[in-house]
Amino acid sequence: MRAPSPFWVVKCPDCSTEQTIFSRPATTVNCGVCGATLATPTGGQALLRGERLRTLEA
């Protein structure tokens, strides 16, 4: 059995660009294009503001 991948591809809710993020970030993750918040840390899996499109396979 494989462990789940720690990386997600997330769509920005403001500009619709896709960005790869770590699923358990230590800091807030912002869009590289428009600066909108994509995910905030929770101590576990991130709280997403953007839409998770897929999980990257290892």
# chains A, B, ... in the order shown; residues from 1 in each chain; ligands from 1
call {"tool": "residues_around", "arguments": {"residues": "stretch 35-38 of chain A", "least_positions_apart": "5", "cutoff": "7 Å", "atoms": "only C-alpha atoms", "output": "short mmCIF file (atom, residue, chain, number, x, y, z; two decimals) with N, CA and C atoms, in the first residue's frame"}}
result
data_model
loop_
_atom_site.label_atom_id
_atom_site.label_comp_id
_atom_site.auth_asym_id
_atom_site.auth_seq_id
_atom_site.Cartn_x
_atom_site.Cartn_y
_atom_site.Cartn_z
N CYS A 12 -6.42 28.41 -8.30
CA CYS A 12 -6.64 29.68 -7.60
C CYS A 12 -8.10 30.13 -7.80
N ASP A 14 -9.24 33.10 -7.54
CA ASP A 14 -9.32 34.45 -8.11
C ASP A 14 -8.91 34.52 -9.58
N VAL A 29 0.03 29.69 2.00
CA VAL A 29 0.46 29.53 0.61
C VAL A 29 -0.34 30.51 -0.24
N ASN A 30 0.36 31.37 -0.98
CA ASN A 30 -0.29 32.35 -1.84
C ASN A 30 -0.07 32.01 -3.30
N LEU A 48 -7.89 24.57 2.49
CA LEU A 48 -7.82 25.14 1.14
C LEU A 48 -8.87 26.21 0.93
N ARG A 49 -8.45 27.28 0.25
CA ARG A 49 -9.39 28.28 -0.25
C ARG A 49 -9.61 28.01 -1.74
N GLY A 50 -8.54 27.52 -2.40
CA GLY A 50 -8.63 27.15 -3.80
C GLY A 50 -9.23 25.75 -3.94
#
call {"tool": "residues_around", "arguments": {"residues": "A:Thr55", "least_positions_apart": "2", "cutoff": "7 Å", "atoms": "only C-alpha atoms", "output": "number ranges by chain"}}
result
A: 5, 7-9, 57
call {"tool": "write_last_selection", "arguments": {"atoms": "C-alpha atoms", "output": "CSV table (one decimal), in the first residue's frame"}}
result
chain,number,residue,atom,x,y,z
A,5,SER,CA,1.3,12.0,-1.9
A,7,PHE,CA,1.6,17.4,-3.0
A,8,TRP,CA,-1.6,18.8,-4.5
A,9,VAL,CA,-2.4,20.7,-7.6
A,57,GLU,CA,1.4,10.6,-7.9
call {"tool": "select_by_dssp", "arguments": {"residues": "chain A", "states": "strand (DSSP E or B)", "output": "list in words"}}
result
Phe7, Trp8, Val9, Val10, Lys11, Glu18, Gln19, Thr20, Ile21, Phe22, Val29, Asn30, Thr37, Leu38, Ala39, Thr40, Leu47, Leu48, Glu51, Arg52, Leu53, Arg54 and Thr55 of chain A
call {"tool": "write_last_selection", "arguments": {"atoms": "C-alpha atoms", "output": "mmCIF file, in the first residue's frame"}}
result
data_model
loop_
_atom_site.group_PDB
_atom_site.id
_atom_site.type_symbol
_atom_site.label_atom_id
_atom_site.label_comp_id
_atom_site.auth_asym_id
_atom_site.auth_seq_id
_atom_site.Cartn_x
_atom_site.Cartn_y
_atom_site.Cartn_z
ATOM 1 C CA PHE A 7 1.572 17.392 -2.986
ATOM 2 C CA TRP A 8 -1.644 18.758 -4.478
ATOM 3 C CA VAL A 9 -2.414 20.733 -7.608
ATOM 4 C CA VAL A 10 -4.711 23.596 -6.569
ATOM 5 C CA LYS A 11 -6.681 26.057 -8.731
ATOM 6 C CA GLU A 18 -2.934 26.042 -11.217
ATOM 7 C CA GLN A 19 -0.185 25.704 -8.638
ATOM 8 C CA THR A 20 1.416 22.717 -6.912
ATOM 9 C CA ILE A 21 1.465 23.012 -3.118
ATOM 10 C CA PHE A 22 2.527 20.909 -0.144
ATOM 11 C CA VAL A 29 0.463 29.532 0.614
ATOM 12 C CA ASN A 30 -0.285 32.349 -1.843
ATOM 13 C CA THR A 37 -4.418 32.884 -0.442
ATOM 14 C CA LEU A 38 -4.600 29.273 -1.650
ATOM 15 C CA ALA A 39 -4.097 27.418 1.630
ATOM 16 C CA THR A 40 -3.581 28.108 5.304
ATOM 17 C CA LEU A 47 -7.264 24.367 4.830
ATOM 18 C CA LEU A 48 -7.818 25.143 1.145
ATOM 19 C CA GLU A 51 -10.011 24.024 -5.450
ATOM 20 C CA ARG A 52 -7.934 20.828 -5.236
ATOM 21 C CA LEU A 53 -7.754 19.482 -8.781
ATOM 22 C CA ARG A 54 -5.614 16.397 -8.216
ATOM 23 C CA THR A 55 -3.004 14.721 -6.061
#
call {"tool": "atom_distance", "arguments": {"atom1": "atom CA of A:Pro6", "atom2": "atom CA of A:Thr28"}}
result
16.0 Å
call {"tool": "atom_distance", "arguments": {"atom1": "atom CA of A:Gly43", "atom2": "atom CA of A:Pro13"}}
result
22.9 Å
call {"tool": "residues_around", "arguments": {"residues": "A:Gly44", "least_positions_apart": "6", "cutoff": "10 Å", "atoms": "only C-alpha atoms", "output": "PyMOL selection string"}}
result
chain A and resi 23-26
